[in-house]
file coords.cif (mmCIF, C-alpha atoms)
data_query
loop_
_atom_site.label_atom_id
_atom_site.label_comp_id
_atom_site.auth_asym_id
_atom_site.auth_seq_id
_atom_site.Cartn_x
_atom_site.Cartn_y
_atom_site.Cartn_z
CA MET A 1 0.00 0.00 0.00
CA LYS A 2 2.83 2.39 0.84
CA LYS A 3 4.43 1.63 -2.52
CA TYR A 4 1.11 2.46 -4.22
CA TRP A 5 0.84 5.87 -2.54
CA LYS A 6 4.50 6.58 -3.22
CA THR A 7 3.94 5.97 -6.95
CA ILE A 8 0.96 8.34 -6.96
CA LEU A 9 2.96 11.02 -5.16
CA ILE A 10 5.87 10.76 -7.60
CA SER A 11 3.48 10.94 -10.56
CA LEU A 12 1.83 14.06 -9.16
CA ILE A 13 5.22 15.73 -8.67
CA ILE A 14 6.23 14.94 -12.27
CA VAL A 15 2.95 16.21 -13.72
CA THR A 16 3.08 19.38 -11.60
CA THR A 17 6.70 20.06 -12.56
CA ILE A 18 6.11 19.60 -16.29
CA GLY A 19 2.90 21.63 -16.16
CA SER A 20 4.61 24.47 -14.30
CA TYR A 21 7.43 24.49 -16.84
CA TYR A 22 5.12 24.87 -19.82
CA ILE A 23 3.01 27.47 -18.03
CA GLN A 24 6.12 29.53 -17.29
CA GLN A 25 7.28 29.19 -20.90
CA ALA A 26 3.92 30.32 -22.21
CA MET A 27 3.75 33.21 -19.77
CA ALA A 28 7.27 34.32 -20.63
CA LYS A 29 6.37 34.94 -24.26
CA ASN A 30 5.03 38.49 -24.32
CA VAL A 31 2.60 39.77 -26.94
CA SER A 32 1.67 43.41 -27.43
CA PHE A 33 -0.88 45.33 -29.50
CA LYS A 34 -1.89 48.93 -30.03
CA ILE A 35 -4.57 50.95 -31.86
CA GLU A 36 -3.31 52.73 -34.95
CA THR A 37 -5.47 55.45 -36.50
CA THR A 38 -6.11 55.38 -40.26
CA ASN A 39 -8.98 57.85 -40.60
CA GLY A 40 -11.35 60.01 -38.58
CA ASP A 41 -11.25 61.77 -35.22
CA LYS A 42 -8.38 60.51 -33.04
CA GLY A 43 -10.14 61.98 -30.02
CA GLU A 44 -12.67 59.13 -30.17
CA ILE A 45 -10.08 56.72 -28.75
CA ASP A 46 -8.34 59.05 -26.27
CA ASN A 47 -9.78 57.25 -23.25
CA LEU A 48 -10.89 53.94 -24.78
CA ILE A 49 -9.66 50.62 -23.47
CA ILE A 50 -10.26 47.38 -25.38
CA HIS A 51 -10.32 44.42 -22.99
CA ALA A 52 -9.33 41.36 -25.02
CA SER A 53 -7.88 37.88 -24.74
CA TYR A 54 -5.07 36.65 -26.96
CA GLN A 55 -5.13 32.90 -27.57
CA SER A 56 -2.90 30.55 -29.51
CA VAL A 57 -1.93 26.91 -29.17
CA ASP A 58 -0.04 27.29 -25.88
CA ILE A 59 -0.66 30.88 -24.77
CA TYR A 60 -3.50 32.73 -23.09
CA ARG A 61 -3.14 36.46 -22.46
CA SER A 62 -5.62 38.94 -21.01
CA LEU A 63 -4.86 42.37 -22.49
CA ASP A 64 -5.99 45.97 -22.13
CA ILE A 65 -5.34 47.62 -25.50
CA SER A 66 -5.27 51.40 -26.04
CA LYS A 67 -3.74 53.90 -28.44
CA ASN A 68 -0.56 53.77 -26.32
CA GLY A 69 -0.14 49.99 -26.50
CA SER A 70 -1.31 47.08 -24.40
CA THR A 71 -0.77 45.90 -20.87
CA ASN A 72 -0.94 42.37 -19.54
CA GLN A 73 -3.48 42.27 -16.76
CA SER A 74 -1.29 39.99 -14.66
CA GLY A 75 2.11 38.42 -14.55
CA SER A 76 1.29 35.01 -13.13
CA PHE A 77 -0.83 32.00 -13.96
CA ILE A 78 -3.07 32.61 -10.92
CA GLY A 79 -3.35 36.23 -11.95
CA GLU A 80 -4.46 35.22 -15.43
CA LEU A 81 -7.17 33.00 -13.97
CA LYS A 82 -8.36 35.86 -11.77
CA VAL A 83 -8.68 38.22 -14.73
CA ARG A 84 -10.70 35.66 -16.71
CA TYR A 85 -13.35 35.52 -14.00
CA TYR A 86 -13.47 39.22 -13.10
CA PRO A 87 -14.69 41.36 -16.03
CA VAL A 88 -13.53 44.96 -16.20
CA MET A 89 -16.62 46.45 -14.57
CA PHE A 90 -16.15 44.23 -11.53
CA GLN A 91 -12.51 45.14 -11.15
CA LYS A 92 -13.78 48.71 -10.79
CA TYR A 93 -16.48 47.69 -8.29
CA ILE A 94 -14.00 45.74 -6.19
CA GLN A 95 -11.61 48.70 -6.16
CA GLU A 96 -14.28 51.24 -5.18
CA HIS A 97 -16.58 49.10 -3.00
CA ARG A 98 -14.34 46.35 -1.68
CA LYS A 99 -16.33 45.68 1.50
CA PHE A 100 -19.68 45.46 -0.31
CA MET A 101 -18.28 43.24 -3.08
CA ARG A 102 -16.66 40.74 -0.73
CA GLY A 103 -17.95 37.22 -1.44
CA LYS A 104 -20.20 38.29 -4.33
CA GLU A 105 -20.31 36.66 -7.76
CA ALA A 106 -19.08 38.62 -10.79
CA ARG A 107 -22.10 38.18 -13.08
CA PRO A 108 -23.75 41.28 -14.58
CA GLY A 109 -27.20 39.66 -14.55
CA GLN A 110 -27.24 39.81 -10.74
CA TYR A 111 -26.68 43.58 -10.47
CA PHE A 112 -28.39 46.94 -10.92
CA GLU A 113 -26.61 50.29 -10.74
CA ASP A 114 -27.56 53.95 -11.05
CA GLU A 115 -25.93 57.14 -9.79
CA ASP A 116 -26.87 56.49 -6.17
CA ARG A 117 -27.07 52.74 -5.63
CA LEU A 118 -25.60 49.37 -6.44
CA ILE A 119 -27.94 46.41 -5.94
CA TYR A 120 -26.96 42.72 -5.87
CA THR A 121 -29.37 39.77 -6.04
CA ILE A 122 -28.78 36.05 -5.60
CA PHE A 123 -30.91 32.91 -5.27
CA SER A 124 -29.42 30.30 -2.89
CA ASN A 125 -30.45 26.80 -1.86
CA LYS A 126 -32.00 26.60 1.59
CA GLU A 127 -30.01 24.35 3.90
CA ASP A 128 -31.41 20.84 4.33
CA ARG A 129 -34.52 21.64 2.28
CA GLY A 130 -33.82 19.97 -1.04
CA TYR A 131 -34.38 22.26 -3.98
CA SER A 132 -36.12 25.21 -2.27
CA PHE A 133 -34.46 28.63 -2.40
CA THR A 134 -33.97 31.94 -0.63
CA LEU A 135 -33.55 35.27 -2.41
CA GLN A 136 -31.01 37.66 -0.93
CA ILE A 137 -30.86 41.32 -1.92
CA ASP A 138 -27.93 43.58 -0.91
CA ILE A 139 -28.15 47.36 -1.46
CA LEU A 140 -25.22 49.79 -1.36
CA ASP A 141 -25.76 53.55 -0.97
CA LYS A 142 -22.85 54.91 -3.02
CA ASN A 143 -23.14 58.37 -1.46
CA THR A 144 -22.69 57.19 2.13
CA ASN A 145 -20.97 53.85 1.39
CA GLU A 146 -23.45 52.18 3.76
CA SER A 147 -25.17 48.94 2.82
CA SER A 148 -28.28 47.01 3.84
CA SER A 149 -29.50 43.51 3.16
CA PHE A 150 -32.66 41.44 3.40
CA GLU A 151 -33.64 37.85 2.58
CA ILE A 152 -36.85 36.36 1.24
CA ASN A 153 -37.78 32.70 1.75
CA MET A 154 -39.24 31.26 -1.44
CA SER A 155 -42.11 28.81 -1.11
CA ASP A 156 -41.03 25.28 -0.14
CA GLN A 157 -43.66 23.95 -2.53
CA VAL A 158 -41.83 25.49 -5.51
CA ARG A 159 -38.57 23.61 -6.09
CA TYR A 160 -35.89 23.77 -8.79
CA ASP A 161 -32.53 22.24 -9.63
CA TRP A 162 -31.16 25.75 -10.16
CA ILE A 163 -32.17 29.38 -10.62
CA ASP A 164 -30.03 31.65 -12.81
CA GLU A 165 -30.32 35.44 -12.49
CA ARG A 166 -30.35 37.12 -15.92
CA ASP A 167 -31.28 40.79 -15.35
CA VAL A 168 -32.30 43.22 -12.59
CA TYR A 169 -34.71 46.10 -13.27
CA VAL A 170 -35.49 48.69 -10.56
CA GLU A 171 -38.31 51.25 -10.75
CA ASN A 172 -40.57 53.00 -8.20
CA GLY A 173 -39.67 50.82 -5.23
CA LYS A 174 -39.97 47.57 -7.20
CA ILE A 175 -37.01 45.27 -7.84
CA LYS A 176 -37.75 43.00 -10.81
CA ILE A 177 -35.45 40.01 -11.29
CA LEU A 178 -35.49 38.15 -14.60
CA ALA A 179 -34.34 34.57 -14.05
CA THR A 180 -34.36 31.15 -15.65
CA SER A 181 -35.00 28.03 -13.59
CA ASN A 182 -34.77 24.32 -14.31
CA LEU A 183 -36.27 21.18 -12.83
CA ASN A 184 -35.96 17.78 -14.51
CA ASN A 185 -35.04 19.35 -17.89
CA GLU A 186 -38.06 21.64 -17.75
CA GLU A 187 -36.91 25.27 -18.07
CA GLU A 188 -38.92 28.32 -17.05
CA LEU A 189 -38.41 32.06 -17.53
CA HIS A 190 -39.55 33.99 -14.44
CA LEU A 191 -40.00 37.62 -13.51
CA TYR A 192 -39.81 37.99 -9.72
CA THR A 193 -41.16 41.31 -8.42
CA VAL A 194 -39.95 42.37 -4.97
CA ASP A 195 -41.43 45.26 -2.98
CA GLU A 196 -38.31 47.00 -1.70
CA ASN A 197 -40.07 48.83 1.16
CA LYS A 198 -42.00 45.82 2.47
CA LYS A 199 -39.03 43.51 1.72
CA GLU A 200 -41.28 40.80 0.37
CA LEU A 201 -41.94 38.93 -2.87
CA GLU A 202 -44.91 40.59 -4.48
CA GLN A 203 -45.25 38.41 -7.58
CA ASP A 204 -43.66 35.43 -9.33
CA SER A 205 -44.67 35.53 -13.00
CA ILE A 206 -43.82 32.58 -15.25
CA ILE A 207 -43.28 34.22 -18.63
CA ALA A 208 -42.25 31.13 -20.60
CA LYS A 209 -42.10 27.41 -19.90
CA ILE A 210 -40.44 24.75 -22.04
CA GLU A 211 -39.79 21.03 -21.77
CA SER A 212 -37.30 18.84 -23.62
CA ASP A 213 -38.20 15.26 -24.56
CA GLU A 214 -36.54 12.24 -26.16
CA VAL A 215 -36.97 13.64 -29.67
CA SER A 216 -36.56 17.39 -29.31
CA ARG A 217 -34.73 19.96 -27.17
CA ALA A 218 -35.68 23.52 -26.28
CA ILE A 219 -33.82 26.58 -25.01
CA ILE A 220 -34.69 30.12 -23.94
CA ASP A 221 -32.35 32.69 -25.53
CA ILE A 222 -32.34 36.29 -24.20
CA SER A 223 -30.98 38.93 -26.61
CA ASN A 224 -30.21 41.82 -24.25
CA ASP A 225 -26.61 42.94 -23.73
CA TYR A 226 -25.58 40.95 -20.65
CA LYS A 227 -22.68 43.34 -19.90
CA LYS A 228 -25.00 46.28 -19.24
CA ILE A 229 -26.39 46.57 -15.73
CA GLN A 230 -28.44 49.75 -16.09
CA ASN A 231 -32.18 49.66 -16.67
CA GLU A 232 -33.45 48.61 -20.10
CA ASN A 233 -37.22 49.04 -20.38
CA TYR A 234 -37.51 46.01 -22.67
CA PHE A 235 -36.10 42.55 -23.01
CA LEU A 236 -36.31 40.26 -26.03
CA TYR A 237 -36.26 36.50 -25.79
CA MET A 238 -36.64 33.51 -28.11
CA VAL A 239 -38.00 30.05 -27.34
CA GLU A 240 -36.20 27.77 -29.76
CA LYS A 241 -37.22 24.14 -30.19
CA TYR A 242 -34.98 21.85 -32.23
CA LYS A 243 -33.87 18.27 -32.77
CA PHE A 244 -30.51 16.74 -33.63
CA LEU A 245 -30.08 15.07 -37.02
CA GLU A 246 -27.91 12.00 -37.63
CA ASP A 247 -24.96 14.15 -38.70
CA GLY A 248 -25.13 16.11 -35.44
CA GLU A 249 -26.62 19.24 -37.01
CA ARG A 250 -29.65 20.96 -35.51
CA GLU A 251 -33.00 21.10 -37.25
CA ILE A 252 -35.07 24.02 -35.96
CA ILE A 253 -38.68 23.06 -35.25
CA SER A 254 -39.87 26.48 -34.07
CA SER A 255 -38.31 29.71 -32.76
CA PRO A 256 -40.88 32.38 -31.85
CA MET A 257 -39.56 35.65 -30.37
CA TYR A 258 -41.22 37.79 -27.71
CA LEU A 259 -40.74 41.40 -26.59
CA TYR A 260 -41.48 42.17 -22.94
CA ASN A 261 -42.07 45.66 -21.53
CA TYR A 262 -40.87 46.04 -17.92
CA LEU A 263 -42.83 49.27 -17.42
CA ASN A 264 -46.31 47.84 -17.97
CA ASN A 265 -45.53 44.09 -17.77
CA GLU A 266 -46.87 43.57 -21.29
CA GLU A 267 -45.60 40.98 -23.74
CA LYS A 268 -46.08 40.63 -27.47
CA GLU A 269 -44.73 38.31 -30.14
CA TRP A 270 -42.11 39.96 -32.32
CA THR A 271 -41.72 38.78 -35.91
CA ILE A 272 -38.36 38.85 -37.63
CA PRO A 273 -38.26 39.11 -41.46
CA ALA A 274 -37.49 35.81 -43.20
CA GLU A 275 -34.27 37.13 -44.78
CA LEU A 276 -32.91 38.05 -41.32
CA LYS A 277 -33.82 34.80 -39.53
CA PRO A 278 -30.38 33.22 -40.19
CA TYR A 279 -28.90 36.05 -38.05
CA LYS A 280 -31.35 35.86 -35.15
CA HIS A 281 -28.67 34.73 -32.68
CA SER A 282 -26.74 37.97 -33.33
CA ILE A 283 -29.58 40.29 -32.23
CA ILE A 284 -28.68 43.19 -29.93
CA LEU A 285 -31.34 45.10 -27.99
CA GLN A 286 -30.28 48.60 -26.98
CA GLY A 287 -32.70 51.14 -25.53
CA THR A 288 -35.71 51.25 -27.84
CA ASP A 289 -33.91 49.70 -30.83
CA ILE A 290 -33.36 46.10 -31.91
CA PHE A 291 -30.25 45.69 -34.07
CA ILE A 292 -29.49 42.75 -36.36
CA PRO A 293 -25.95 42.89 -37.80
CA VAL A 294 -25.30 41.09 -41.09
CA ARG A 295 -21.65 40.58 -42.03
CA SER A 296 -20.16 39.97 -45.47
CA THR A 297 -16.81 40.33 -47.22
CA ASN A 298 -17.84 43.92 -48.04
CA GLY A 299 -18.38 44.95 -44.43
CA LEU A 300 -21.36 45.14 -42.09
CA VAL A 301 -25.03 46.06 -42.53
CA LEU A 302 -26.82 47.04 -39.33
CA ASN A 303 -30.55 46.40 -39.60
CA ARG A 304 -32.58 48.35 -37.04
CA TYR A 305 -36.12 48.05 -35.67
CA ASN A 306 -37.56 50.83 -33.47
CA ILE A 307 -39.80 49.41 -30.75
CA GLU A 308 -41.74 52.59 -29.94
CA LYS A 309 -42.36 53.44 -33.62
CA ASN A 310 -43.12 49.76 -34.32
CA GLN A 311 -41.23 49.91 -37.62
CA TRP A 312 -37.97 49.01 -39.36
CA GLU A 313 -35.63 51.93 -39.98
CA GLU A 314 -33.28 52.34 -42.94
CA PRO A 315 -30.31 49.93 -42.55
CA ILE A 316 -26.89 51.44 -41.82
CA SER A 317 -23.93 50.13 -43.84
CA PHE A 318 -20.26 50.26 -42.91
CA LYS A 319 -18.01 49.16 -45.77
CA TYR A 320 -14.63 47.51 -45.26
CA PRO A 321 -12.92 44.33 -46.58
CA SER A 322 -13.53 41.77 -43.81
CA ILE A 323 -12.72 38.06 -43.65
CA ALA A 324 -16.33 36.96 -43.29
CA ASN A 325 -15.57 33.27 -42.84
CA ALA A 326 -12.85 33.69 -40.21
CA LYS A 327 -13.19 31.72 -36.98
CA GLU A 328 -13.28 35.00 -35.06
CA LYS A 329 -16.70 36.62 -35.12
CA PRO A 330 -16.81 40.42 -35.19
CA SER A 331 -17.11 42.18 -31.86
CA ILE A 332 -20.07 44.56 -31.91
CA GLN A 333 -20.86 46.87 -29.02
CA ILE A 334 -23.52 49.59 -29.09
CA THR A 335 -23.22 52.32 -26.45
CA ASP A 336 -24.68 55.84 -26.27
CA GLY A 337 -25.71 55.96 -29.92
CA LYS A 338 -22.39 54.68 -31.23
CA LEU A 339 -21.32 51.43 -32.84
CA TYR A 340 -17.98 49.98 -31.76
CA LEU A 341 -16.91 47.34 -34.26
CA ILE A 342 -13.79 45.17 -34.32
CA ASP A 343 -13.42 42.65 -37.14
CA ARG A 344 -10.64 40.47 -38.58
CA VAL A 345 -9.12 41.75 -41.81
CA SER A 346 -6.21 40.47 -43.88
CA ASP A 347 -3.50 42.33 -41.99
CA GLY A 348 -4.91 42.43 -38.46
CA HIS A 349 -8.11 43.74 -36.89
CA LEU A 350 -10.09 46.72 -38.09
CA PHE A 351 -11.52 49.04 -35.39
CA LEU A 352 -14.44 51.23 -36.43
CA ILE A 353 -16.61 53.68 -34.49
CA GLY A 354 -19.86 54.70 -36.19
CA ASP A 355 -22.57 57.23 -35.36
CA LEU A 356 -25.91 55.42 -35.39
CA ARG A 357 -27.86 58.68 -35.69
CA THR A 358 -26.19 59.78 -38.92
CA GLY A 359 -24.79 56.48 -40.24
CA GLU A 360 -21.38 58.12 -40.59
CA SER A 361 -18.03 56.62 -39.63
CA LEU A 362 -16.48 58.68 -36.82
CA TYR A 363 -13.23 56.78 -36.55
CA GLU A 364 -11.34 54.04 -38.37
CA GLY A 365 -8.19 52.33 -37.19
CA LYS A 366 -6.47 49.00 -36.77
CA ILE A 367 -5.33 46.89 -33.86
CA ILE A 368 -1.79 45.97 -34.82
CA SER A 369 0.88 43.81 -33.24
CA GLU A 370 3.87 45.70 -31.84
CA ASN A 371 6.12 42.66 -31.65
CA LYS A 372 5.26 40.32 -34.52
CA GLU A 373 8.15 38.01 -33.66
CA ASN A 374 6.31 36.96 -30.49
CA ARG A 375 2.95 36.58 -32.19
CA ASP A 376 1.97 33.08 -33.32
CA ALA A 377 0.84 32.79 -36.94
CA ASP A 378 -2.37 31.02 -35.91
CA TYR A 379 -3.65 33.27 -33.13
CA SER A 380 -7.05 34.65 -32.15
CA LEU A 381 -7.88 37.95 -30.50
CA TYR A 382 -11.22 37.81 -28.71
CA ILE A 383 -12.74 41.17 -27.72
CA GLU A 384 -14.56 40.98 -24.40
CA GLN A 385 -15.42 44.60 -23.73
CA ILE A 386 -14.72 48.15 -24.93
CA TYR A 387 -15.00 50.77 -22.21
CA ASN A 388 -14.22 54.41 -21.48
CA ASN A 389 -11.43 54.79 -18.96
CA ILE A 390 -12.49 58.19 -17.63
CA HIS A 391 -12.37 58.22 -13.82
#
call {"tool": "encode", "arguments": {"input": "coords.cif", "output": "structure tokens"}}
result
Amino acid sequence: MKKYWKTILISLIIVTTIGSYYIQQAMAKNVSFKIETTNGDKGEIDNLIIHASYQSVDIYRSLDISKNGSTNQSGSFIGELKVRYYPVMFQKYIQEHRKFMRGKEARPGQYFEDEDRLIYTIFSNKEDRGYSFTLQIDILDKNTNESSSFEINMSDQVRYDWIDERDVYVENGKIKILATSNLNNEEELHLYTVDENKKELEQDSIIAKIESDEVSRAIIDISNDYKKIQNENYFLYMVEKYKFLEDGEREIISSPMYLYNYLNNEEKEWTIPAELKPYKHSIILQGTDIFIPVRSTNGLVLNRYNIEKNQWEEPISFKYPSIANAKEKPSIQITDGKLYLIDRVSDGHLFLIGDLRTGESLYEGKIISENKENRDADYSLYIEQIYNNIH
């Protein structure tokens, strides 16, 4: 028996040593990028930071790229892991509200923020009660830096395998939590309404309910930008039912889409034109507009539907020579009436900023490698977030 454990110990030491060696080798190889302007207003990128991950066969790098170059977010393997699980917005929260953020998960769908408050919500299993849950809500007053917390016991008769928070909407003393739940492969989309003053659950509305069987599968797909934690008055979701064919491909059985209004709790089916259905998984909902980007080798066409006008607007086109079949999908972010687009082109990555009100290009540039000798030929640059670094 001792010999057996000795063999295991030696094997673990060997594996750990070899693994550490290759990790150190991969970490030692530095890669660097910067934004180079080709046209437009350079002031558009003065304070912009592109949070990206560089990946090749044996290297993973988390980078912050600006006009001045790029910085590695960490210098150790543990540091790299930390950056992967803490998006940029949460690094800021941890720095400014360390006490409040202690022990909290870094998932945008659990938070709400405005000028005065930061609110965190989480569903947790009750101890020794199977699949029943409690809802905890923590509220930080950003002006005084004081926080409060309360907990709501969900009904023991309503049980789930898990509950996943997807969005938090706050208005007039009501905290509305959009969440998906699952029990025995039956998924539900809920809107939980909490009365903040009474600290009690006012309503649990089941918006959609689906069930998978031996032949078909079903999923609920929410189109809102998961990185935004401010109020959006609408959310758009799709209930897609499909089955797997013998070659492993999916055959779509049905995929209706629904638009929900938080303000009046009204829902209506939203119909997408047939020619845009192949791009339904790329939908972006921003404010009162639904955007459907369509990419080609000639650039990008941004189709736009205005919710309040109940009509399709004139599409906006941005022309550039992209590699439309590349394994990297374009990064598209819409913020404050501007389109931020990063796409793979023949000699790097194009970076474009467009004005959605006028359809004009405000800025064009490229993300270029500063040390090509360290860059692997077969690399990918995944854009996670573009943010303004004004403090």
call {"tool": "resolve_selection", "arguments": {"input": "coords.cif", "expression": "the PyMOL selection byres ((chain A and resi 250) around 12)", "output": "list of chain:residue names"}}
result
A:Val215, A:Ser216, A:Arg217, A:Ala218, A:Glu240, A:Lys241, A:Tyr242, A:Lys243, A:Phe244, A:Leu245, A:Glu246, A:Asp247, A:Gly248, A:Glu249, A:Glu251, A:Ile252, A:Ile253, A:Ser254
call {"tool": "resolve_selection", "arguments": {"input": "coords.cif", "expression": "the PyMOL selection byres ((chain A and resi 223) around 7)", "output": "list in words"}}
result
Asp221, Ile222, Asn224, Asp225, Leu236, Tyr237, Ile283, Ile284 and Leu285 of chain A
call {"tool": "resolve_selection", "arguments": {"input": "coords.cif", "expression": "the PyMOL selection byres ((chain A and resi 145-162) around 7)", "output": "NGL selection string"}}
result
:A and (131-144 or 163-164 or 181-183 or 199-200)
call {"tool": "residues_around", "arguments": {"input": "coords.cif", "residues": "A:Arg107", "least_positions_apart": "3", "cutoff": "9 Å", "atoms": "only C-alpha atoms", "output": "ChimeraX atom specification"}}
result
/A:86-87,90,104,110-111,165-166,226-227
call {"tool": "atom_distance", "arguments": {"input": "coords.cif", "atom1": "atom CA of A:Thr37", "atom2": "atom CA of A:Arg344"}}
result
16.0 Å
call {"tool": "residues_around", "arguments": {"input": "coords.cif", "residues": "stretch 377-384 of chain A", "least_positions_apart": "3", "cutoff": "8 Å", "atoms": "only C-alpha atoms", "output": "compact mmCIF listing (two decimals) with C-alpha atoms, keeping the file's coordinate frame"}}
result
# COMPACT_ATOMS: atom_id res chain seq x y z
CA ILE A 50 -10.26 47.38 -25.38
CA HIS A 51 -10.32 44.42 -22.99
CA ALA A 52 -9.33 41.36 -25.02
CA SER A 53 -7.88 37.88 -24.74
CA TYR A 54 -5.07 36.65 -26.96
CA GLN A 55 -5.13 32.90 -27.57
CA SER A 56 -2.90 30.55 -29.51
CA VAL A 57 -1.93 26.91 -29.17
CA GLU A 328 -13.28 35.00 -35.06
CA SER A 331 -17.11 42.18 -31.86
CA ILE A 342 -13.79 45.17 -34.32
call {"tool": "residues_around", "arguments": {"input": "coords.cif", "residues": "A:Pro321", "least_positions_apart": "2", "cutoff": "9 Å", "atoms": "all atoms listed in the file", "output": "ChimeraX atom specification"}}
result
/A:296-299,319,323-324,345-346
call {"tool": "atom_distance", "arguments": {"input": "coords.cif", "atom1": "atom CA of A:Asn172", "atom2": "atom CA of A:Tyr262"}}
result
12.0 Å
call {"tool": "closest_residue", "arguments": {"input": "coords.cif", "among": "A:Lys277, A:Arg61, A:His97, A:Lys67", "to": "A:Ile35", "atoms": "only C-alpha atoms"}}
result
A:Lys67
call {"tool": "closest_residue", "arguments": {"input": "coords.cif", "among": "A:Lys309, A:Arg357, A:Arg304, A:Lys198", "to": "A:Gln286", "atoms": "only C-alpha atoms"}}
result
A:Arg304
call {"tool": "atom_distance", "arguments": {"input": "coords.cif", "atom1": "atom CA of A:Glu113", "atom2": "atom CA of A:Tyr93"}}
result
10.7 Å
call {"tool": "closest_residue", "arguments": {"input": "coords.cif", "among": "A:Asn264, A:Thr271, A:Thr288, A:Thr121", "to": "A:Asn306", "atoms": "all atoms listed in the file"}}
result
A:Thr288
call {"tool": "residues_around", "arguments": {"input": "coords.cif", "residues": "A:Tyr169", "least_positions_apart": "3", "cutoff": "6 Å", "atoms": "only C-alpha atoms", "output": "PyMOL selection string"}}
result
chain A and resi 175-176+231
call {"tool": "residues_near_point", "arguments": {"input": "coords.cif", "point": "(-48.8, 37.3, -15.1)", "cutoff": "12 Å", "atoms": "only C-alpha atoms", "output": "PDB file with C-alpha atoms, in the frame of the given file"}}
result
ATOM      1  CA  LEU A 189     -38.410  32.060 -17.530  1.00  0.00           C
ATOM      2  CA  HIS A 190     -39.550  33.990 -14.440  1.00  0.00           C
ATOM      3  CA  LEU A 191     -40.000  37.620 -13.510  1.00  0.00           C
ATOM      4  CA  TYR A 192     -39.810  37.990  -9.720  1.00  0.00           C
ATOM      5  CA  THR A 193     -41.160  41.310  -8.420  1.00  0.00           C
ATOM      6  CA  GLU A 202     -44.910  40.590  -4.480  1.00  0.00           C
ATOM      7  CA  GLN A 203     -45.250  38.410  -7.580  1.00  0.00           C
ATOM      8  CA  ASP A 204     -43.660  35.430  -9.330  1.00  0.00           C
ATOM      9  CA  SER A 205     -44.670  35.530 -13.000  1.00  0.00           C
ATOM     10  CA  ILE A 206     -43.820  32.580 -15.250  1.00  0.00           C
ATOM     11  CA  ILE A 207     -43.280  34.220 -18.630  1.00  0.00           C
ATOM     12  CA  ALA A 208     -42.250  31.130 -20.600  1.00  0.00           C
ATOM     13  CA  TYR A 260     -41.480  42.170 -22.940  1.00  0.00           C
ATOM     14  CA  ASN A 264     -46.310  47.840 -17.970  1.00  0.00           C
ATOM     15  CA  ASN A 265     -45.530  44.090 -17.770  1.00  0.00           C
ATOM     16  CA  GLU A 266     -46.870  43.570 -21.290  1.00  0.00           C
ATOM     17  CA  GLU A 267     -45.600  40.980 -23.740  1.00  0.00           C
TER      18      GLU A 267
END
call {"tool": "closest_residue", "arguments": {"input": "coords.cif", "among": "A:Gly40, A:Pro256, A:Pro273, A:Pro315", "to": "A:Gly365", "atoms": "all atoms listed in the file"}}
result
A:Gly40
call {"tool": "closest_residue", "arguments": {"input": "coords.cif", "among": "A:Ser255, A:Leu339, A:Lys327, A:Ile220", "to": "A:Phe291", "atoms": "all atoms listed in the file"}}
result
A:Leu339
call {"tool": "axis_aligned_box", "arguments": {"input": "coords.cif", "around": "stretch 207-214 of chain A", "padding_each_side": "5 Å", "output": "JSON"}}
result
{"center_x": -39.9, "center_y": 23.2, "center_z": -22.4, "size_x": 16.7, "size_y": 32.0, "size_z": 17.5}
call {"tool": "closest_residue", "arguments": {"input": "coords.cif", "among": "A:Leu350, A:Asn371, A:Leu356, A:Ser70", "to": "A:Asn39", "atoms": "only C-alpha atoms"}}
result
A:Leu350
call {"tool": "residues_around", "arguments": {"input": "coords.cif", "residues": "A:Tyr305", "least_positions_apart": "5", "cutoff": "9 Å", "atoms": "all atoms listed in the file", "output": "list in words"}}
result
Thr288, Asp289, Ile290, Phe291, Ile292, Asn310, Gln311, Trp312, Glu313 and Glu314 of chain A
call {"tool": "decode", "arguments": {"input": "coords.cif", "residues": "stretch 48-55 of chain A", "atoms": "N, CA and C atoms", "output": "PDB file, in the first residue's frame"}}
result
ATOM      1  N   LEU A  48     -10.327  55.279 -24.587  1.00  0.00           N
ATOM      2  CA  LEU A  48     -10.894  53.944 -24.777  1.00  0.00           C
ATOM      3  C   LEU A  48      -9.899  52.849 -24.417  1.00  0.00           C
ATOM      4  N   ILE A  49     -10.428  51.817 -23.772  1.00  0.00           N
ATOM      5  CA  ILE A  49      -9.658  50.615 -23.470  1.00  0.00           C
ATOM      6  C   ILE A  49     -10.403  49.427 -24.071  1.00  0.00           C
ATOM      7  N   ILE A  50      -9.691  48.604 -24.823  1.00  0.00           N
ATOM      8  CA  ILE A  50     -10.259  47.376 -25.380  1.00  0.00           C
ATOM      9  C   ILE A  50      -9.765  46.210 -24.539  1.00  0.00           C
ATOM     10  N   HIS A  51     -10.675  45.584 -23.816  1.00  0.00           N
ATOM     11  CA  HIS A  51     -10.316  44.423 -22.994  1.00  0.00           C
ATOM     12  C   HIS A  51     -10.448  43.174 -23.858  1.00  0.00           C
ATOM     13  N   ALA A  52      -9.350  42.482 -24.080  1.00  0.00           N
ATOM     14  CA  ALA A  52      -9.331  41.361 -25.025  1.00  0.00           C
ATOM     15  C   ALA A  52      -8.538  40.198 -24.458  1.00  0.00           C
ATOM     16  N   SER A  53      -8.702  39.048 -25.087  1.00  0.00           N
ATOM     17  CA  SER A  53      -7.884  37.885 -24.735  1.00  0.00           C
ATOM     18  C   SER A  53      -7.192  37.376 -25.999  1.00  0.00           C
ATOM     19  N   TYR A  54      -5.890  37.197 -25.874  1.00  0.00           N
ATOM     20  CA  TYR A  54      -5.070  36.651 -26.962  1.00  0.00           C
ATOM     21  C   TYR A  54      -4.920  35.160 -26.704  1.00  0.00           C
ATOM     22  N   GLN A  55      -5.225  34.348 -27.736  1.00  0.00           N
ATOM     23  CA  GLN A  55      -5.127  32.903 -27.573  1.00  0.00           C
ATOM     24  C   GLN A  55      -4.437  32.284 -28.777  1.00  0.00           C
TER      25      GLN A  55
END
